[in-house]
Structure formats: C-alpha cells, structure tokens
file start.pdb (PDB, C-alpha atoms)
ATOM      1  CA  MET A   1      74.121  40.375 187.350
ATOM      2  CA  MET A   2      74.799  41.332 183.748
ATOM      3  CA  LYS A   3      72.057  40.542 181.235
ATOM      4  CA  ALA A   4      72.349  40.295 177.466
ATOM      5  CA  GLY A   5      70.133  42.810 175.716
ATOM      6  CA  LEU A   6      69.562  44.382 172.327
ATOM      7  CA  VAL A   7      69.301  47.979 171.161
ATOM      8  CA  THR A   8      66.092  47.404 169.264
ATOM      9  CA  ASP A   9      66.680  50.076 166.602
ATOM     10  CA  ILE A  10      68.593  47.368 164.708
ATOM     11  CA  LEU A  11      65.213  45.663 164.245
ATOM     12  CA  GLY A  12      63.449  48.911 163.462
ATOM     13  CA  TYR A  13      61.957  47.451 160.275
ATOM     14  CA  MET A  14      59.893  45.085 162.434
ATOM     15  CA  PRO A  15      56.642  46.001 164.203
ATOM     16  CA  LEU A  16      56.816  45.907 167.996
ATOM     17  CA  GLU A  17      55.293  42.448 168.474
ATOM     18  CA  GLU A  18      57.519  40.837 165.827
ATOM     19  CA  MET A  19      60.593  42.525 167.284
ATOM     20  CA  LEU A  20      59.757  41.234 170.759
ATOM     21  CA  ASP A  21      59.206  37.690 169.478
ATOM     22  CA  THR A  22      62.542  37.842 167.660
ATOM     23  CA  CYS A  23      64.416  39.050 170.740
ATOM     24  CA  ALA A  24      62.852  36.322 172.882
ATOM     25  CA  ASP A  25      63.617  33.641 170.283
ATOM     26  CA  LEU A  26      67.252  34.769 170.095
ATOM     27  CA  GLY A  27      67.627  34.453 173.846
ATOM     28  CA  PHE A  28      67.958  38.108 174.765
ATOM     29  CA  GLU A  29      66.857  39.066 178.252
ATOM     30  CA  ALA A  30      66.579  42.831 178.050
ATOM     31  CA  LEU A  31      65.891  45.681 175.636
ATOM     32  CA  GLU A  32      67.213  49.176 175.079
ATOM     33  CA  LEU A  33      64.551  51.251 173.370
ATOM     34  CA  GLY A  34      65.174  54.407 171.359
ATOM     35  CA  CYS A  35      62.803  57.253 172.227
ATOM     36  CA  GLY A  36      63.811  59.861 169.651
ATOM     37  CA  ASN A  37      66.520  62.353 168.651
ATOM     38  CA  TRP A  38      69.090  60.328 166.684
ATOM     39  CA  SER A  39      66.808  57.291 166.901
ATOM     40  CA  LYS A  40      63.689  57.117 164.768
ATOM     41  CA  ALA A  41      62.031  55.517 167.827
ATOM     42  CA  PRO A  42      60.612  52.620 165.776
ATOM     43  CA  HIS A  43      59.083  50.888 168.786
ATOM     44  CA  VAL A  44      58.283  53.773 171.139
ATOM     45  CA  ASP A  45      55.419  56.222 170.687
ATOM     46  CA  LEU A  46      56.884  58.711 173.144
ATOM     47  CA  ASP A  47      53.981  61.137 173.321
ATOM     48  CA  GLY A  48      51.349  58.403 173.168
ATOM     49  CA  LEU A  49      52.889  56.459 176.041
ATOM     50  CA  LEU A  50      53.244  59.601 178.133
ATOM     51  CA  GLU A  51      49.589  60.482 177.617
ATOM     52  CA  SER A  52      47.988  57.086 178.236
ATOM     53  CA  ALA A  53      48.328  54.761 181.217
ATOM     54  CA  VAL A  54      46.441  52.141 179.184
ATOM     55  CA  LYS A  55      49.030  52.287 176.390
ATOM     56  CA  ARG A  56      51.856  52.019 178.915
ATOM     57  CA  GLU A  57      50.285  48.963 180.531
ATOM     58  CA  LYS A  58      49.773  47.282 177.159
ATOM     59  CA  PHE A  59      53.339  48.143 176.142
ATOM     60  CA  LEU A  60      54.847  46.693 179.324
ATOM     61  CA  ASN A  61      52.673  43.579 179.165
ATOM     62  CA  ALA A  62      53.842  42.877 175.608
ATOM     63  CA  ILE A  63      57.443  42.987 176.831
ATOM     64  CA  LYS A  64      57.040  41.113 180.113
ATOM     65  CA  SER A  65      54.841  38.383 178.642
ATOM     66  CA  ARG A  66      57.836  37.273 176.554
ATOM     67  CA  GLY A  67      60.175  37.130 179.544
ATOM     68  CA  LEU A  68      61.881  40.379 178.548
ATOM     69  CA  GLU A  69      62.544  43.583 180.454
ATOM     70  CA  ILE A  70      63.567  47.141 179.599
ATOM     71  CA  ALA A  71      67.207  47.687 180.538
ATOM     72  CA  ALA A  72      67.250  51.319 179.415
ATOM     73  CA  LEU A  73      65.581  54.003 177.368
ATOM     74  CA  ASN A  74      67.791  55.864 174.899
ATOM     75  CA  CYS A  75      67.457  59.530 173.899
ATOM     76  CA  SER A  76      70.904  60.097 172.388
ATOM     77  CA  GLY A  77      71.302  63.337 170.486
ATOM     78  CA  ASN A  78      72.989  66.706 170.900
ATOM     79  CA  GLN A  79      70.927  68.660 173.375
ATOM     80  CA  LEU A  80      73.785  71.198 173.693
ATOM     81  CA  GLU A  81      73.540  72.145 170.009
ATOM     82  CA  PRO A  82      72.814  75.894 170.012
ATOM     83  CA  THR A  83      69.891  76.084 167.561
ATOM     84  CA  GLU A  84      66.287  74.892 167.434
ATOM     85  CA  GLU A  85      67.596  71.369 166.893
ATOM     86  CA  GLY A  86      69.264  71.394 170.297
ATOM     87  CA  GLU A  87      66.073  72.676 171.898
ATOM     88  CA  ALA A  88      64.105  69.873 170.240
ATOM     89  CA  HIS A  89      66.611  67.320 171.537
ATOM     90  CA  GLN A  90      66.300  68.743 175.046
ATOM     91  CA  ALA A  91      62.538  68.270 174.879
ATOM     92  CA  VAL A  92      62.919  64.605 173.915
ATOM     93  CA  VAL A  93      65.416  64.088 176.744
ATOM     94  CA  GLU A  94      62.967  65.465 179.299
ATOM     95  CA  LYS A  95      60.110  63.376 177.895
ATOM     96  CA  THR A  96      62.336  60.287 178.040
ATOM     97  CA  PHE A  97      63.113  60.953 181.705
ATOM     98  CA  GLN A  98      59.378  61.237 182.330
ATOM     99  CA  LEU A  99      58.566  58.016 180.478
ATOM    100  CA  ALA A 100      61.346  56.141 182.266
ATOM    101  CA  GLY A 101      59.797  57.065 185.590
ATOM    102  CA  LEU A 102      56.326  56.032 184.476
ATOM    103  CA  LEU A 103      57.588  52.668 183.148
ATOM    104  CA  GLY A 104      59.821  51.979 186.149
ATOM    105  CA  VAL A 105      62.993  52.057 184.020
ATOM    106  CA  GLU A 106      65.970  53.114 186.126
ATOM    107  CA  THR A 107      68.537  53.852 183.395
ATOM    108  CA  VAL A 108      68.515  56.360 180.545
ATOM    109  CA  VAL A 109      71.273  56.202 177.921
ATOM    110  CA  MET A 110      72.266  59.429 176.191
ATOM    111  CA  MET A 111      75.147  61.623 175.076
ATOM    112  CA  SER A 112      76.761  64.488 176.947
ATOM    113  CA  GLY A 113      76.312  66.763 173.946
ATOM    114  CA  CYS A 114      78.782  69.122 172.286
ATOM    115  CA  PRO A 115      78.285  72.895 172.317
ATOM    116  CA  SER A 116      79.320  75.411 169.710
ATOM    117  CA  GLY A 117      82.689  77.125 169.915
ATOM    118  CA  GLY A 118      81.304  80.269 171.511
ATOM    119  CA  PRO A 119      78.185  82.318 172.233
ATOM    120  CA  ASN A 120      78.022  83.664 168.667
ATOM    121  CA  ASP A 121      78.696  80.329 166.945
ATOM    122  CA  VAL A 122      76.067  77.840 165.759
ATOM    123  CA  THR A 123      78.331  74.912 164.842
ATOM    124  CA  PRO A 124      79.241  72.283 167.463
ATOM    125  CA  ASN A 125      82.992  72.290 168.014
ATOM    126  CA  TRP A 126      84.750  69.223 169.424
ATOM    127  CA  ILE A 127      88.229  70.183 170.609
ATOM    128  CA  THR A 128      90.406  67.186 171.449
ATOM    129  CA  HIS A 129      93.906  68.655 171.179
ATOM    130  CA  PRO A 130      94.066  72.198 172.583
ATOM    131  CA  ILE A 131      97.355  73.975 171.967
ATOM    132  CA  LEU A 132      96.780  77.723 171.744
ATOM    133  CA  PRO A 133      95.129  79.894 174.428
ATOM    134  CA  PRO A 134      91.887  80.347 172.397
ATOM    135  CA  HIS A 135      91.416  76.561 172.396
ATOM    136  CA  PHE A 136      91.497  76.436 176.193
ATOM    137  CA  LYS A 137      89.212  79.455 176.406
ATOM    138  CA  THR A 138      86.707  77.703 174.147
ATOM    139  CA  LEU A 139      86.788  74.524 176.224
ATOM    140  CA  GLU A 140      86.323  76.524 179.417
ATOM    141  CA  TRP A 141      83.283  78.246 177.914
ATOM    142  CA  GLN A 142      81.808  74.959 176.644
ATOM    143  CA  TRP A 143      82.066  73.279 180.025
ATOM    144  CA  ASN A 144      81.369  76.127 182.440
ATOM    145  CA  GLU A 145      78.813  78.161 180.514
ATOM    146  CA  VAL A 146      76.935  75.427 178.642
ATOM    147  CA  ALA A 147      77.536  71.844 179.778
ATOM    148  CA  PHE A 148      77.610  72.208 183.556
ATOM    149  CA  PRO A 149      74.501  74.431 183.787
ATOM    150  CA  TYR A 150      72.548  72.128 181.457
ATOM    151  CA  TRP A 151      73.559  68.963 183.277
ATOM    152  CA  GLU A 152      72.861  70.359 186.730
ATOM    153  CA  LYS A 153      69.280  70.980 185.616
ATOM    154  CA  ALA A 154      69.029  67.664 183.734
ATOM    155  CA  VAL A 155      70.120  65.632 186.761
ATOM    156  CA  LYS A 156      67.562  67.420 188.915
ATOM    157  CA  VAL A 157      64.766  66.729 186.412
ATOM    158  CA  ALA A 158      65.812  63.079 186.067
ATOM    159  CA  LYS A 159      65.731  62.575 189.843
ATOM    160  CA  GLU A 160      62.305  64.186 190.066
ATOM    161  CA  ARG A 161      61.035  61.786 187.399
ATOM    162  CA  GLY A 162      62.390  58.706 189.168
ATOM    163  CA  VAL A 163      65.433  57.971 187.010
ATOM    164  CA  LYS A 164      68.254  56.350 188.980
ATOM    165  CA  LYS A 165      71.106  56.406 186.461
ATOM    166  CA  ILE A 166      72.036  58.461 183.401
ATOM    167  CA  ALA A 167      74.497  56.451 181.327
ATOM    168  CA  ILE A 168      76.476  58.741 179.016
ATOM    169  CA  GLU A 169      78.021  57.055 175.991
ATOM    170  CA  ASN A 170      81.707  57.673 175.287
ATOM    171  CA  LEU A 171      81.097  58.758 171.699
ATOM    172  CA  GLY A 172      83.429  61.101 169.857
ATOM    173  CA  CYS A 173      82.216  64.606 168.970
ATOM    174  CA  ASN A 174      80.860  64.881 172.528
ATOM    175  CA  LEU A 175      82.375  66.620 175.541
ATOM    176  CA  VAL A 176      82.238  63.318 177.428
ATOM    177  CA  HIS A 177      84.093  60.751 175.327
ATOM    178  CA  ASN A 178      86.460  58.985 177.754
ATOM    179  CA  PRO A 179      86.940  58.357 181.495
ATOM    180  CA  GLU A 180      88.647  61.691 182.143
ATOM    181  CA  THR A 181      85.795  63.724 180.685
ATOM    182  CA  LEU A 182      83.149  61.535 182.335
ATOM    183  CA  PHE A 183      84.684  62.216 185.739
ATOM    184  CA  LYS A 184      84.951  65.924 184.911
ATOM    185  CA  LEU A 185      81.160  66.024 184.528
ATOM    186  CA  ARG A 186      80.417  63.552 187.316
ATOM    187  CA  ASN A 187      82.502  65.487 189.834
ATOM    188  CA  GLU A 188      80.428  68.566 189.057
ATOM    189  CA  VAL A 189      76.886  67.129 188.951
ATOM    190  CA  GLY A 190      77.081  63.955 191.046
ATOM    191  CA  ASP A 191      76.905  60.193 190.650
ATOM    192  CA  MET A 192      73.517  60.174 188.922
ATOM    193  CA  VAL A 193      75.801  60.375 185.872
ATOM    194  CA  GLY A 194      77.902  57.379 184.843
ATOM    195  CA  MET A 195      79.218  55.816 181.659
ATOM    196  CA  ASN A 196      77.455  53.843 178.990
ATOM    197  CA  PHE A 197      80.695  52.086 178.149
ATOM    198  CA  ASP A 198      81.163  51.415 174.429
ATOM    199  CA  PRO A 199      84.633  50.039 173.663
ATOM    200  CA  SER A 200      84.104  50.363 169.899
ATOM    201  CA  HIS A 201      84.396  54.154 170.110
ATOM    202  CA  LEU A 202      87.608  53.928 172.102
ATOM    203  CA  PHE A 203      89.082  51.739 169.357
ATOM    204  CA  TRP A 204      88.550  54.320 166.625
ATOM    205  CA  MET A 205      89.664  57.149 168.921
ATOM    206  CA  GLY A 206      92.879  55.271 169.752
ATOM    207  CA  GLY A 207      91.937  54.526 173.355
ATOM    208  CA  ASP A 208      92.554  51.459 175.504
ATOM    209  CA  PRO A 209      89.239  49.823 176.505
ATOM    210  CA  ILE A 210      90.782  47.709 179.275
ATOM    211  CA  ALA A 211      92.495  50.694 180.866
ATOM    212  CA  ALA A 212      89.244  52.629 180.563
ATOM    213  CA  VAL A 213      87.256  49.908 182.366
ATOM    214  CA  ARG A 214      89.769  49.895 185.191
ATOM    215  CA  ALA A 215      89.642  53.681 185.463
ATOM    216  CA  LEU A 216      85.841  53.828 185.400
ATOM    217  CA  GLY A 217      85.097  50.990 187.818
ATOM    218  CA  SER A 218      81.684  51.412 189.421
ATOM    219  CA  ALA A 219      81.000  54.477 187.239
ATOM    220  CA  ILE A 220      80.040  52.078 184.420
ATOM    221  CA  TYR A 221      76.231  51.989 184.396
ATOM    222  CA  HIS A 222      75.534  50.302 181.055
ATOM    223  CA  VAL A 223      77.521  48.673 178.253
ATOM    224  CA  HIS A 224      77.241  48.677 174.468
ATOM    225  CA  ALA A 225      78.960  46.104 172.270
ATOM    226  CA  LYS A 226      79.259  46.442 168.514
ATOM    227  CA  ASP A 227      81.595  45.767 165.631
ATOM    228  CA  VAL A 228      83.844  48.767 165.043
ATOM    229  CA  ARG A 229      85.262  47.694 161.696
TER     230      ARG A 229
END

call {"tool": "encode", "arguments": {"input": "start.pdb", "output": "structure tokens"}}
result
Amino acid sequence: MMKAGLVTDILGYMPLEEMLDTCADLGFEALELGCGNWSKAPHVDLDGLLESAVKREKFLNAIKSRGLEIAALNCSGNQLEPTEEGEAHQAVVEKTFQLAGLLGVETVVMMSGCPSGGPNDVTPNWITHPILPPHFKTLEWQWNEVAFPYWEKAVKVAKERGVKKIAIENLGCNLVHNPETLFKLRNEVGDMVGMNFDPSHLFWMGGDPIAAVRALGSAIYHVHAKDVR
C-alpha cells in the first residue's frame, strides 16, 4: 500500500518536535529523513543516533507517538566524486546504512554518483550523448572501473547492515538517471538496487514518465513528487 510522506528537509527550519507535529497535522503518514551529504540533516544527528541506543529509542518514540513512520533515510550525494568530498560522502552513505539497520528502516534513498572523466581527472563528467570513440571509452571506464566496483561493495555493506532496498533517484548528472541506466547497474549488482522514481527530473531531461514507469515496473522502490517548474 502506498503511503503519503514528506521529505522533511523542506521543514528544516523547524525543530524535530515541531516538524513532526506539522507532518501529523497535515495528514502525512511517513517521513523521509536526510542524513547528510547534500542534505543538511536538520532532523537527524547521524553520529549521535549511531552512538546511543537511548537517543534512537527517543527519536523513534517521537515519530511513532504521532502515528508516523520512517519510509526511508536519504544520503544523496556524489560518493563517486574522486576527491576528499567523494570520500566524505561515502562515509555518510555507510553510516546511513548502519543507522537504517538500527532503526529498522528498510529503504535508503541515494544517488548513483557520477565519476570523473578518467583516472587523472578530478571533475565529475556526465556524458549523455556519446559520439566519438573517446566518449565511449570514458563511459566504459566510469562504469567498469568506478561505479560497478563501488556498488558491489555498497550493496554488500547495506545487506550486512539490514537494509532491504536502495532506491536510486533518477537525477541528471548521475550515471543512473533513467530506466536504461538503472537496469545497467541492477543487472550487475542485483535487485537490492531499484529506482527512487522522480518524474520531475524526467520532465526536464525530456523523458516520458509514463513510459518510464512501465519500463521499471517492480524495480520502483520509492517515489518522489515535486513541482518541476
């Protein structure tokens, strides 16, 4: 059964208790909580919750006492970025997997990431229209040398932590940005990985959301809805 939830970063100016009261008053049933990276994690003290069972119990009680539940934790960022920033994002991803397991949250929302254009490059390079041989060589390197090895390890860590589903958002400037690229990754690392389907991104990329839903089918693990204008 689908439940209506809120990505709580939109209420990041509110303290946790006020945010929860607001979500309950508005009739939401579930929450998606940012844990770091591109999110400022306004409602999640990632390290504090990992370190203290008491804090986790208090945190969950505050949510459940208002008839709410956690639909997903979010650690979206670019963990394939080739500098210290990418390493920092990887650390938050792993901590988010750990917290999800401790809180009993089955789904983690994140991005696939986008590597640089080669081993000596430090700038992420999103190639959407390869024409010349170097373009294909770059894509082959990004997938085979960076993305697949990272995701094989990430899926293993997530399973060990108790995560059931990793929902990758179809955001541009990421290797996974549509059904074709989701299945490219999924076929390599398994069905732990599915789509966090966000039709707004398909609109600005010129995609067809309805065709995408039909193509993805049961590979849709989570859904975002927002105004694209």

call {"tool": "atom_distance", "arguments": {"input": "start.pdb", "atom1": "CA of His224 (chain A)", "atom2": "CA of Phe197 (chain A)"}}
result
6.1 Å

call {"tool": "resolve_selection", "arguments": {"input": "start.pdb", "expression": "the PyMOL selection byres ((chain A and resi 126) around 12)", "output": "MDAnalysis selection string"}}
result
chainID A and resid 80:81 112:118 123:125 127:130 135:136 138:139 142:143 171:177

call {"tool": "resolve_selection", "arguments": {"input": "start.pdb", "expression": "the PyMOL selection byres ((chain A and resi 59-74) around 10)", "output": "PyMOL selection string"}}
result
chain A and resi 3-7+16-17+20-21+23-25+27-39+41+43-45+49+53-58+75-77+93+96-97+99-100+103-111+165-167+222

call {"tool": "atom_distance", "arguments": {"input": "start.pdb", "atom1": "CA of Phe203 (chain A)", "atom2": "CA of Lys137 (chain A)"}}
result
28.6 Å

call {"tool": "atom_distance", "arguments": {"input": "start.pdb", "atom1": "CA of Lys40 (chain A)", "atom2": "CA of Arg161 (chain A)"}}
result
23.3 Å

call {"tool": "closest_residue", "arguments": {"input": "start.pdb", "among": "A:Gly162, A:Phe148, A:Met195, A:Pro42", "to": "Gly217 (chain A)", "atoms": "all atoms listed in the file"}}
result
A:Met195

call {"tool": "closest_residue", "arguments": {"input": "start.pdb", "among": "A:Asp191, A:Glu169, A:Pro82, A:Glu94", "to": "Asp121 (chain A)", "atoms": "all atoms listed in the file"}}
result
A:Pro82

call {"tool": "closest_residue", "arguments": {"input": "start.pdb", "among": "A:Asp227, A:Gly190, A:Val122, A:Pro179", "to": "Ile210 (chain A)", "atoms": "all atoms listed in the file"}}
result
A:Pro179

call {"tool": "closest_residue", "arguments": {"input": "start.pdb", "among": "A:Val163, A:Tyr150, A:Ile10, A:Ala215", "to": "Thr181 (chain A)", "atoms": "only C-alpha atoms"}}
result
A:Ala215

call {"tool": "closest_residue", "arguments": {"input": "start.pdb", "among": "A:Gln79, A:Asn120, A:Asn196, A:Asn187", "to": "Ala154 (chain A)", "atoms": "all atoms listed in the file"}}
result
A:Gln79

call {"tool": "axis_aligned_box", "arguments": {"input": "start.pdb", "around": "region 9-17 of chain A", "padding_each_side": "5 Å", "output": "lines of an AutoDock Vina configuration file"}}
result
center_x = 61.9
center_y = 46.3
center_z = 164.4
size_x = 23.3
size_y = 17.6
size_z = 18.2

call {"tool": "resolve_selection", "arguments": {"input": "start.pdb", "expression": "the PyMOL selection byres ((chain A and resi 200) around 7)", "output": "ChimeraX atom specification"}}
result
/A:198-199,201-204,226-228

call {"tool": "closest_residue", "arguments": {"input": "start.pdb", "among": "A:Ile168, A:Leu182, A:Met192, A:Ala219", "to": "Lys156 (chain A)", "atoms": "all atoms listed in the file"}}
result
A:Met192
